[in-house]
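The structure under discussion appears below in the form of C-alpha cells.
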Amino acid sequence: MLFSIVIPVYNVAEYLEACVASVLQNDCRDCEILLVDDGSTDGVCPAMCDRFAADHPSLIRVIHQENRGLGGARNTGLEAARGDYLLFVDSDDTLTPNALAVLRRAAETTGADVIAFHVDSDDGEGHLSPIRAHSIPGGTTFSLDEKPEFLLSLPSAVCRLWKRQLFLSSGIRYPSRVWYEDIRTSLKLFALAETIHALDDRLYRYLQRPGSIMNSAALARNREILDAFDDLLVWFREQGLYKAYQNELTRLAVDHILLAATVRVTRQDPRHPLLGEFAAYMAEHFPGWEKHPCLSQLPTLHKLLVFLIRGRHYKAVRLLFRLKG
C-alpha cells in the first residue's frame with residue numbers, strides 16, 4: 001500500500017464531512033484512510049466516523065481512543081498505518097482534488113523520504129490565500145545538509161508527505177497535549193531524511209477558524225514555544241548537528257519566539273510576564289542574536305517588529321497591529 005491518510009478527529013462534526021469528502025474525491029487507489037476518533041465528546045463524531053467506514057469498508061478504518069490530543073492521535077494513526085507514506089490531514093481542513101495524484105507521481109518518481117508542497121489558507125468564506133510552505137524550487141530533490149534553508153520551512157505536519165519508515169526507524173513521535181508539536185517533530189525528520197523532494201503545487205487547504213488552537217486566547221500556553229526549543233536544541237546537540245544548523249536554529253528562534261509568540265502575546269497584553277521570559281530565553285540560548293546576519297534577510301515589517309521587541313516597546317507593537325487592522 002502506498003499512502004495512509006491519517007485524520008485525527010475531535011469534536012469537529014461541522015467540518016468532518018467536507019474533510020473526508022475532499023479525500024474521497026481524489027484518486028484513492030492503493031490508499032487507506034485512518035480516522036482516529038480522539039475521544040470525541042460531542043455525541044456526533046464517533047458515529048460519523050463509523051458511518052464513513054461502513055460506506056467505504058475497503059478504504060476507511062476507524063480507531064476510537066481516549067483523548068490524547070492531536071499529537072497522540074497522529075501517533076495512533078501512524079502506528080496502525082499500512083502504507084509506505086503518511087499524509088496527515090487535520091479534520092477541519094481539506095485536500096485539493098488532484099492532491100493524491102500529484103503526490104503519487106512524486107513518490108513513485110523520486111522515492112524521497114519527505115515530499116514537500118504548499119497550502120492555501122481558507123478564511124471560511126471561500127477566499128483562498130496562497131501560503132508558500134518552503135522556499136525550495138519545485139522539482140528539486142536534496143538533503144538538508146545540501147539545502148539547510150529548508151529547516152526554515154513552515155513546520156506544519158500537513159504540508160508534507162512522510163515516508164513512514166522515518167518515524168519507525170527513528171522512534172520520533174508527536175508529543176501529546178502540547179502546543180507546537182509540529183516544530184518539535186518536523187525539524188528532526190528533515191534532518192534525518194536522506195532525500196527531500198520539493199513541489200510547487202498547493203495541495204492542501206487550511207481552514208482558519210476562531211476556535212482553532214493557534215487562534216486561542218490562552219496566552220499562558222504560548223510559553224510552550226520555549227519548551228519546544230529546549231527539546232529541539234537538546235536533540236540537535238545529541239545528534240551532533242547543532243553547529244551545522246546553528247544559523248538556521250537562530251533564525252527559527254527569531255521567527256517563532258519573537259515574531260510569532262512574542263507578537264501574539266503582545267497584541268493581547270503588552271505587560272504580560274511571558275514577554276520578559278521570551279527576551280531572557282533569547283539572551284541565554286542565542287547570545288548575540290541581535291547582530292545575527294539572518295536579521296538582514298527579514299522583510300521590512302519584521303525588521304521593524306524586531307527593533308521594537310529588542311527595545312521592549314511592546315505597546316508600540318500592539319499599536320502597530322491596531323493601525324494595520
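All residue names refer to the C-alpha cells as shown: chains lettered A, B, ... in order, residues numbered from 1 in each chain, ligands numbered from 1 in order.
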- request: Compile the contact shell of Val36 of chain A as an MDAnalysis selection string: residues with an atom at most 7 Å away, counting only C-alpha atoms, same-chain residues fewer than 6 positions apart removed.
  value: chainID A and resid 7:9 62:64 73 77
task: Identify, on the basis of only C-alpha atoms, every residue whose closest approach to Pro293 of chain A does not exceed 12 Å; exclude the query and any residue fewer than 6 positions from it along the same chain; express the result as a list of chain:residue names.
output: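 Here the answer would be A:Asn247, A:Glu248, A:Thr250, A:Arg251, A:Val254.
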Print the selection's residues with C-alpha atoms to a file, as a PDB file, in the first residue's frame.
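The result, written out as out11.pdb:
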ATOM      1  CA  ASN A 247      22.404  29.734  11.899  1.00  0.00           C
ATOM      2  CA  GLU A 248      19.069  28.210  10.931  1.00  0.00           C
ATOM      3  CA  THR A 250      18.828  31.087  15.482  1.00  0.00           C
ATOM      4  CA  ARG A 251      16.615  32.303  12.646  1.00  0.00           C
ATOM      5  CA  VAL A 254      13.653  34.809  15.885  1.00  0.00           C
TER       6      VAL A 254
END
- prompt: Near Ala18 of chain A, counting only C-alpha atoms, which residues have an atom at most 9 Å away, once you skip same-chain residues fewer than 5 positions from it, shown as a list in words?
  reply: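 Here the qualifying residues turn out to be Val23, Ser91, Asp92, Asp93 and Thr94 of chain A.
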message: Among segment 139-284 of chain A, which residues does DSSP mark as strand (DSSP E) when it is run on the backbone? Keep the chain and numbering as in the structure and answer as a list in words.
response: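 Reading the DSSP output for segment 139-284 of chain A, strand (DSSP E) covers Thr141, Phe142, Arg160, Leu161, Trp162, Lys163, Ile196, His197, Ala198, Leu199, Asp200, Asp201, Arg202, Leu203, Tyr204, Arg205, Tyr206 and Leu207 of chain A.
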field: Selected residue of minimal separation from Ala280 of chain A among A:Ala244, A:Tyr314, A:Val263, A:Leu226, counting only C-alpha atoms
entry: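 Distance minimum relative to Ala280 of chain A lands on A:Leu226.
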- prompt: Which residues come within 9 Å of Ala99 of chain A, counting only C-alpha atoms, excluding same-chain residues fewer than 4 positions away, as a ChimeraX atom specification?
  reply: /A:23,26-27,95,103-104,201-204
Hey, can you spit out that residue selection with all heavy atoms as a PDB file, in the first residue's frame?
ATOM      1  N   VAL A  23     -10.974  14.022   0.517  1.00  0.00           N
ATOM      2  CA  VAL A  23     -10.055  12.903   0.285  1.00  0.00           C
ATOM      3  C   VAL A  23     -10.668  11.916  -0.694  1.00  0.00           C
ATOM      4  O   VAL A  23     -10.011  11.445  -1.636  1.00  0.00           O
ATOM      5  CB  VAL A  23      -9.698  12.202   1.610  1.00  0.00           C
ATOM      6  CG1 VAL A  23      -8.753  11.029   1.346  1.00  0.00           C
ATOM      7  CG2 VAL A  23      -9.061  13.182   2.592  1.00  0.00           C
ATOM      8  N   ASN A  26     -10.467  12.409  -4.427  1.00  0.00           N
ATOM      9  CA  ASN A  26      -9.168  12.149  -5.029  1.00  0.00           C
ATOM     10  C   ASN A  26      -9.112  10.719  -5.567  1.00  0.00           C
ATOM     11  O   ASN A  26      -9.989   9.903  -5.315  1.00  0.00           O
ATOM     12  CB  ASN A  26      -8.067  12.352  -3.993  1.00  0.00           C
ATOM     13  CG  ASN A  26      -7.556  13.777  -3.920  1.00  0.00           C
ATOM     14  OD1 ASN A  26      -6.539  14.119  -4.523  1.00  0.00           O
ATOM     15  ND2 ASN A  26      -8.268  14.629  -3.184  1.00  0.00           N
ATOM     16  N   ASP A  27      -8.045  10.424  -6.288  1.00  0.00           N
ATOM     17  CA  ASP A  27      -7.786   9.071  -6.749  1.00  0.00           C
ATOM     18  C   ASP A  27      -7.175   8.300  -5.586  1.00  0.00           C
ATOM     19  O   ASP A  27      -5.997   8.467  -5.258  1.00  0.00           O
ATOM     20  CB  ASP A  27      -6.815   9.115  -7.929  1.00  0.00           C
ATOM     21  CG  ASP A  27      -6.480   7.733  -8.465  1.00  0.00           C
ATOM     22  OD1 ASP A  27      -6.926   6.734  -7.863  1.00  0.00           O
ATOM     23  OD2 ASP A  27      -5.750   7.656  -9.472  1.00  0.00           O
ATOM     24  N   LEU A  95      -8.242  18.518   1.231  1.00  0.00           N
ATOM     25  CA  LEU A  95      -7.268  18.352   0.159  1.00  0.00           C
ATOM     26  C   LEU A  95      -7.824  18.933  -1.132  1.00  0.00           C
ATOM     27  O   LEU A  95      -9.042  18.973  -1.348  1.00  0.00           O
ATOM     28  CB  LEU A  95      -6.972  16.868  -0.069  1.00  0.00           C
ATOM     29  CG  LEU A  95      -6.300  16.079   1.051  1.00  0.00           C
ATOM     30  CD1 LEU A  95      -6.080  14.638   0.592  1.00  0.00           C
ATOM     31  CD2 LEU A  95      -4.998  16.714   1.484  1.00  0.00           C
ATOM     32  N   LEU A 103       0.965  13.719  -5.542  1.00  0.00           N
ATOM     33  CA  LEU A 103       1.857  13.102  -4.567  1.00  0.00           C
ATOM     34  C   LEU A 103       2.259  11.685  -4.979  1.00  0.00           C
ATOM     35  O   LEU A 103       3.393  11.264  -4.767  1.00  0.00           O
ATOM     36  CB  LEU A 103       1.195  13.094  -3.191  1.00  0.00           C
ATOM     37  CG  LEU A 103       1.005  14.471  -2.555  1.00  0.00           C
ATOM     38  CD1 LEU A 103       0.190  14.366  -1.274  1.00  0.00           C
ATOM     39  CD2 LEU A 103       2.348  15.133  -2.274  1.00  0.00           C
ATOM     40  N   ARG A 104       1.324  10.950  -5.577  1.00  0.00           N
ATOM     41  CA  ARG A 104       1.646   9.599  -6.044  1.00  0.00           C
ATOM     42  C   ARG A 104       2.746   9.655  -7.108  1.00  0.00           C
ATOM     43  O   ARG A 104       3.711   8.871  -7.074  1.00  0.00           O
ATOM     44  CB  ARG A 104       0.398   8.913  -6.600  1.00  0.00           C
ATOM     45  CG  ARG A 104       0.671   7.500  -7.111  1.00  0.00           C
ATOM     46  CD  ARG A 104      -0.569   6.837  -7.673  1.00  0.00           C
ATOM     47  NE  ARG A 104      -1.524   6.498  -6.613  1.00  0.00           N
ATOM     48  CZ  ARG A 104      -2.653   7.145  -6.387  1.00  0.00           C
ATOM     49  NH1 ARG A 104      -2.991   8.190  -7.156  1.00  0.00           N
ATOM     50  NH2 ARG A 104      -3.456   6.788  -5.410  1.00  0.00           N
ATOM     51  N   ASP A 201       3.332  22.761  -6.102  1.00  0.00           N
ATOM     52  CA  ASP A 201       1.873  22.659  -6.073  1.00  0.00           C
ATOM     53  C   ASP A 201       1.315  23.022  -4.695  1.00  0.00           C
ATOM     54  O   ASP A 201       1.901  22.702  -3.654  1.00  0.00           O
ATOM     55  CB  ASP A 201       1.446  21.234  -6.418  1.00  0.00           C
ATOM     56  CG  ASP A 201       2.019  20.774  -7.730  1.00  0.00           C
ATOM     57  OD1 ASP A 201       3.231  20.436  -7.750  1.00  0.00           O
ATOM     58  OD2 ASP A 201       1.305  20.741  -8.732  1.00  0.00           O
ATOM     59  N   ARG A 202       0.125  23.644  -4.703  1.00  0.00           N
ATOM     60  CA  ARG A 202      -0.646  23.866  -3.476  1.00  0.00           C
ATOM     61  C   ARG A 202      -1.705  22.767  -3.411  1.00  0.00           C
ATOM     62  O   ARG A 202      -2.633  22.738  -4.225  1.00  0.00           O
ATOM     63  CB  ARG A 202      -1.292  25.253  -3.463  1.00  0.00           C
ATOM     64  CG  ARG A 202      -0.278  26.382  -3.568  1.00  0.00           C
ATOM     65  CD  ARG A 202      -0.857  27.728  -3.144  1.00  0.00           C
ATOM     66  NE  ARG A 202      -2.052  28.088  -3.864  1.00  0.00           N
ATOM     67  CZ  ARG A 202      -2.059  28.716  -5.041  1.00  0.00           C
ATOM     68  NH1 ARG A 202      -0.915  29.034  -5.633  1.00  0.00           N
ATOM     69  NH2 ARG A 202      -3.192  29.028  -5.637  1.00  0.00           N
ATOM     70  N   LEU A 203      -1.558  21.861  -2.464  1.00  0.00           N
ATOM     71  CA  LEU A 203      -2.366  20.639  -2.431  1.00  0.00           C
ATOM     72  C   LEU A 203      -3.264  20.537  -1.210  1.00  0.00           C
ATOM     73  O   LEU A 203      -4.026  19.568  -1.096  1.00  0.00           O
ATOM     74  CB  LEU A 203      -1.441  19.408  -2.469  1.00  0.00           C
ATOM     75  CG  LEU A 203      -0.456  19.339  -3.640  1.00  0.00           C
ATOM     76  CD1 LEU A 203       0.425  18.098  -3.515  1.00  0.00           C
ATOM     77  CD2 LEU A 203      -1.201  19.355  -4.980  1.00  0.00           C
ATOM     78  N   TYR A 204      -3.215  21.507  -0.336  1.00  0.00           N
ATOM     79  CA  TYR A 204      -3.905  21.415   0.967  1.00  0.00           C
ATOM     80  C   TYR A 204      -4.541  22.752   1.273  1.00  0.00           C
ATOM     81  O   TYR A 204      -3.959  23.810   1.007  1.00  0.00           O
ATOM     82  CB  TYR A 204      -2.859  21.056   2.031  1.00  0.00           C
ATOM     83  CG  TYR A 204      -3.404  20.703   3.400  1.00  0.00           C
ATOM     84  CD1 TYR A 204      -3.599  19.376   3.770  1.00  0.00           C
ATOM     85  CD2 TYR A 204      -3.690  21.685   4.330  1.00  0.00           C
ATOM     86  CE1 TYR A 204      -4.066  19.038   5.035  1.00  0.00           C
ATOM     87  CE2 TYR A 204      -4.160  21.359   5.595  1.00  0.00           C
ATOM     88  CZ  TYR A 204      -4.347  20.031   5.943  1.00  0.00           C
ATOM     89  OH  TYR A 204      -4.811  19.709   7.204  1.00  0.00           O
TER      90      TYR A 204
END
query: Which residue, A:Val12, A:Leu295, A:Ile33, A:Gly72, has the smallest gap to Ala53 of chain A when you use only C-alpha atoms?
result: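 Result for the nearest residue to Ala53 of chain A: A:Ile33.
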task: Find the residue from A:Ala253, A:Arg205, A:Pro130, A:Ser121 that sits nearest to Leu151 of chain A; use only C-alpha atoms when measuring.
output: A:Ala253
Nearby residues (only C-alpha atoms) at most 12 Å from Leu187 of chain A, same-chain spacing under 2 positions excluded, as a PDB file with N, CA and C atoms, in the first residue's frame:
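Final file, around_15.pdb:
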ATOM      1  N   VAL A 114      10.748  12.602   2.231  1.00  0.00           N
ATOM      2  CA  VAL A 114       9.803  13.692   2.509  1.00  0.00           C
ATOM      3  C   VAL A 114       9.478  14.369   1.190  1.00  0.00           C
ATOM      4  N   LEU A 144      19.026  17.840   3.694  1.00  0.00           N
ATOM      5  CA  LEU A 144      19.072  19.066   4.484  1.00  0.00           C
ATOM      6  C   LEU A 144      20.474  19.661   4.510  1.00  0.00           C
ATOM      7  N   PRO A 148      20.251  23.706   3.780  1.00  0.00           N
ATOM      8  CA  PRO A 148      19.856  23.891   5.173  1.00  0.00           C
ATOM      9  C   PRO A 148      18.725  24.895   5.359  1.00  0.00           C
ATOM     10  N   GLU A 149      18.505  25.751   4.361  1.00  0.00           N
ATOM     11  CA  GLU A 149      17.417  26.725   4.471  1.00  0.00           C
ATOM     12  C   GLU A 149      16.052  26.053   4.547  1.00  0.00           C
ATOM     13  N   PHE A 150      15.972  24.789   4.156  1.00  0.00           N
ATOM     14  CA  PHE A 150      14.687  24.093   4.259  1.00  0.00           C
ATOM     15  C   PHE A 150      14.248  23.960   5.712  1.00  0.00           C
ATOM     16  N   LEU A 151      15.192  24.042   6.636  1.00  0.00           N
ATOM     17  CA  LEU A 151      14.860  23.982   8.058  1.00  0.00           C
ATOM     18  C   LEU A 151      13.953  25.141   8.465  1.00  0.00           C
ATOM     19  N   LEU A 152      13.955  26.220   7.673  1.00  0.00           N
ATOM     20  CA  LEU A 152      13.141  27.401   7.969  1.00  0.00           C
ATOM     21  C   LEU A 152      11.742  27.296   7.383  1.00  0.00           C
ATOM     22  N   SER A 153      11.417  26.176   6.775  1.00  0.00           N
ATOM     23  CA  SER A 153      10.096  25.992   6.185  1.00  0.00           C
ATOM     24  C   SER A 153       9.012  26.006   7.245  1.00  0.00           C
ATOM     25  N   LEU A 154       7.779  26.180   6.814  1.00  0.00           N
ATOM     26  CA  LEU A 154       6.641  26.027   7.712  1.00  0.00           C
ATOM     27  C   LEU A 154       6.732  24.646   8.357  1.00  0.00           C
ATOM     28  N   PRO A 155       6.753  24.562   9.689  1.00  0.00           N
ATOM     29  CA  PRO A 155       6.977  23.250  10.307  1.00  0.00           C
ATOM     30  C   PRO A 155       5.773  22.316  10.301  1.00  0.00           C
ATOM     31  N   SER A 156       4.640  22.784   9.863  1.00  0.00           N
ATOM     32  CA  SER A 156       3.406  22.003   9.948  1.00  0.00           C
ATOM     33  C   SER A 156       3.545  20.606   9.334  1.00  0.00           C
ATOM     34  N   ALA A 157       2.959  19.630  10.012  1.00  0.00           N
ATOM     35  CA  ALA A 157       2.993  18.246   9.526  1.00  0.00           C
ATOM     36  C   ALA A 157       2.189  18.061   8.252  1.00  0.00           C
ATOM     37  N   ILE A 172      10.858   8.674  16.527  1.00  0.00           N
ATOM     38  CA  ILE A 172      10.292  10.010  16.725  1.00  0.00           C
ATOM     39  C   ILE A 172       8.774   9.936  16.638  1.00  0.00           C
ATOM     40  N   TYR A 174       5.010  12.402  17.720  1.00  0.00           N
ATOM     41  CA  TYR A 174       4.487  13.719  18.087  1.00  0.00           C
ATOM     42  C   TYR A 174       4.218  13.756  19.586  1.00  0.00           C
ATOM     43  N   TYR A 180       2.705  23.525  19.618  1.00  0.00           N
ATOM     44  CA  TYR A 180       3.959  23.493  18.864  1.00  0.00           C
ATOM     45  C   TYR A 180       4.489  22.073  18.693  1.00  0.00           C
ATOM     46  N   GLU A 181       3.568  21.102  18.587  1.00  0.00           N
ATOM     47  CA  GLU A 181       4.026  19.727  18.398  1.00  0.00           C
ATOM     48  C   GLU A 181       4.723  19.543  17.053  1.00  0.00           C
ATOM     49  N   ASP A 182       4.363  20.360  16.062  1.00  0.00           N
ATOM     50  CA  ASP A 182       4.968  20.188  14.743  1.00  0.00           C
ATOM     51  C   ASP A 182       6.438  20.600  14.724  1.00  0.00           C
ATOM     52  N   ILE A 183       6.743  21.725  15.368  1.00  0.00           N
ATOM     53  CA  ILE A 183       8.133  22.192  15.335  1.00  0.00           C
ATOM     54  C   ILE A 183       9.043  21.238  16.094  1.00  0.00           C
ATOM     55  N   ARG A 184       8.492  20.526  17.086  1.00  0.00           N
ATOM     56  CA  ARG A 184       9.287  19.559  17.838  1.00  0.00           C
ATOM     57  C   ARG A 184       9.561  18.294  17.023  1.00  0.00           C
ATOM     58  N   THR A 185       8.797  18.097  15.960  1.00  0.00           N
ATOM     59  CA  THR A 185       8.860  16.832  15.225  1.00  0.00           C
ATOM     60  C   THR A 185       9.394  17.003  13.811  1.00  0.00           C
ATOM     61  N   LEU A 189      12.791  15.295  11.655  1.00  0.00           N
ATOM     62  CA  LEU A 189      12.616  14.415  10.497  1.00  0.00           C
ATOM     63  C   LEU A 189      13.310  14.978   9.260  1.00  0.00           C
ATOM     64  N   PHE A 190      13.294  16.316   9.093  1.00  0.00           N
ATOM     65  CA  PHE A 190      14.026  16.917   7.975  1.00  0.00           C
ATOM     66  C   PHE A 190      15.501  16.537   8.051  1.00  0.00           C
ATOM     67  N   ALA A 191      16.060  16.604   9.260  1.00  0.00           N
ATOM     68  CA  ALA A 191      17.486  16.331   9.435  1.00  0.00           C
ATOM     69  C   ALA A 191      17.817  14.862   9.183  1.00  0.00           C
ATOM     70  N   LEU A 192      16.890  13.964   9.489  1.00  0.00           N
ATOM     71  CA  LEU A 192      17.129  12.531   9.336  1.00  0.00           C
ATOM     72  C   LEU A 192      16.865  12.033   7.916  1.00  0.00           C
ATOM     73  N   ALA A 193      16.073  12.778   7.162  1.00  0.00           N
ATOM     74  CA  ALA A 193      15.707  12.325   5.814  1.00  0.00           C
ATOM     75  C   ALA A 193      16.930  12.286   4.891  1.00  0.00           C
ATOM     76  N   ALA A 228       9.421  23.796  23.423  1.00  0.00           N
ATOM     77  CA  ALA A 228       9.693  23.221  22.100  1.00  0.00           C
ATOM     78  C   ALA A 228      11.144  23.466  21.694  1.00  0.00           C
ATOM     79  N   PHE A 229      11.648  24.671  21.940  1.00  0.00           N
ATOM     80  CA  PHE A 229      13.039  24.948  21.577  1.00  0.00           C
ATOM     81  C   PHE A 229      14.020  24.221  22.489  1.00  0.00           C
ATOM     82  N   ASP A 231      13.540  21.278  23.620  1.00  0.00           N
ATOM     83  CA  ASP A 231      13.515  19.944  23.012  1.00  0.00           C
ATOM     84  C   ASP A 231      14.398  19.908  21.766  1.00  0.00           C
ATOM     85  N   LEU A 232      14.228  20.890  20.888  1.00  0.00           N
ATOM     86  CA  LEU A 232      14.988  20.930  19.637  1.00  0.00           C
ATOM     87  C   LEU A 232      16.479  21.058  19.878  1.00  0.00           C
ATOM     88  N   LEU A 233      16.877  22.002  20.742  1.00  0.00           N
ATOM     89  CA  LEU A 233      18.296  22.256  20.959  1.00  0.00           C
ATOM     90  C   LEU A 233      18.987  21.032  21.556  1.00  0.00           C
ATOM     91  N   TRP A 235      18.027  17.889  21.153  1.00  0.00           N
ATOM     92  CA  TRP A 235      18.093  16.842  20.126  1.00  0.00           C
ATOM     93  C   TRP A 235      19.192  17.134  19.119  1.00  0.00           C
ATOM     94  N   PHE A 236      19.292  18.371  18.624  1.00  0.00           N
ATOM     95  CA  PHE A 236      20.318  18.690  17.627  1.00  0.00           C
ATOM     96  C   PHE A 236      21.716  18.540  18.206  1.00  0.00           C
ATOM     97  N   LEU A 241      24.480  17.764  15.461  1.00  0.00           N
ATOM     98  CA  LEU A 241      24.074  18.595  14.324  1.00  0.00           C
ATOM     99  C   LEU A 241      23.927  20.070  14.672  1.00  0.00           C
ATOM    100  N   TYR A 245      23.744  23.504  11.963  1.00  0.00           N
ATOM    101  CA  TYR A 245      22.490  24.222  11.712  1.00  0.00           C
ATOM    102  C   TYR A 245      22.259  25.362  12.710  1.00  0.00           C
ATOM    103  N   GLU A 248      20.495  28.428  11.197  1.00  0.00           N
ATOM    104  CA  GLU A 248      19.069  28.210  10.931  1.00  0.00           C
ATOM    105  C   GLU A 248      18.268  28.133  12.234  1.00  0.00           C
ATOM    106  N   LEU A 249      18.834  27.536  13.273  1.00  0.00           N
ATOM    107  CA  LEU A 249      18.136  27.455  14.553  1.00  0.00           C
ATOM    108  C   LEU A 249      17.960  28.838  15.167  1.00  0.00           C
ATOM    109  N   LEU A 252      15.173  30.448  13.294  1.00  0.00           N
ATOM    110  CA  LEU A 252      13.906  29.855  13.746  1.00  0.00           C
ATOM    111  C   LEU A 252      13.452  30.453  15.064  1.00  0.00           C
TER     112      LEU A 252
END
Dump as CSV the rows for residues of segment 38-127 of chain A within 8 Å of segment 131-142 of chain A: closest atom pair and distance in Å with one decimal, only C-alpha atoms counted, ordered by chain and rising residue number.
residue,atom,partner,partner_atom,distance
A:Thr110,CA,A:Thr141,CA,7.8
A:Ala112,CA,A:Thr141,CA,7.7
A:Ala116,CA,A:His134,CA,7.7
A:Phe117,CA,A:Ala133,CA,6.8
A:His118,CA,A:Ala133,CA,5.0
A:Val119,CA,A:Ile131,CA,5.4
A:Asp120,CA,A:Ile131,CA,5.6
A:Ser121,CA,A:Ile131,CA,6.7
- prompt: With only C-alpha atoms as the basis for distance, which of A:Arg51, A:Arg318, A:Arg74, A:Lys303 is at the shortest distance from Tyr10 of chain A?
  reply: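 Using only C-alpha atoms, the shortest distance to Tyr10 of chain A belongs to A:Arg74.
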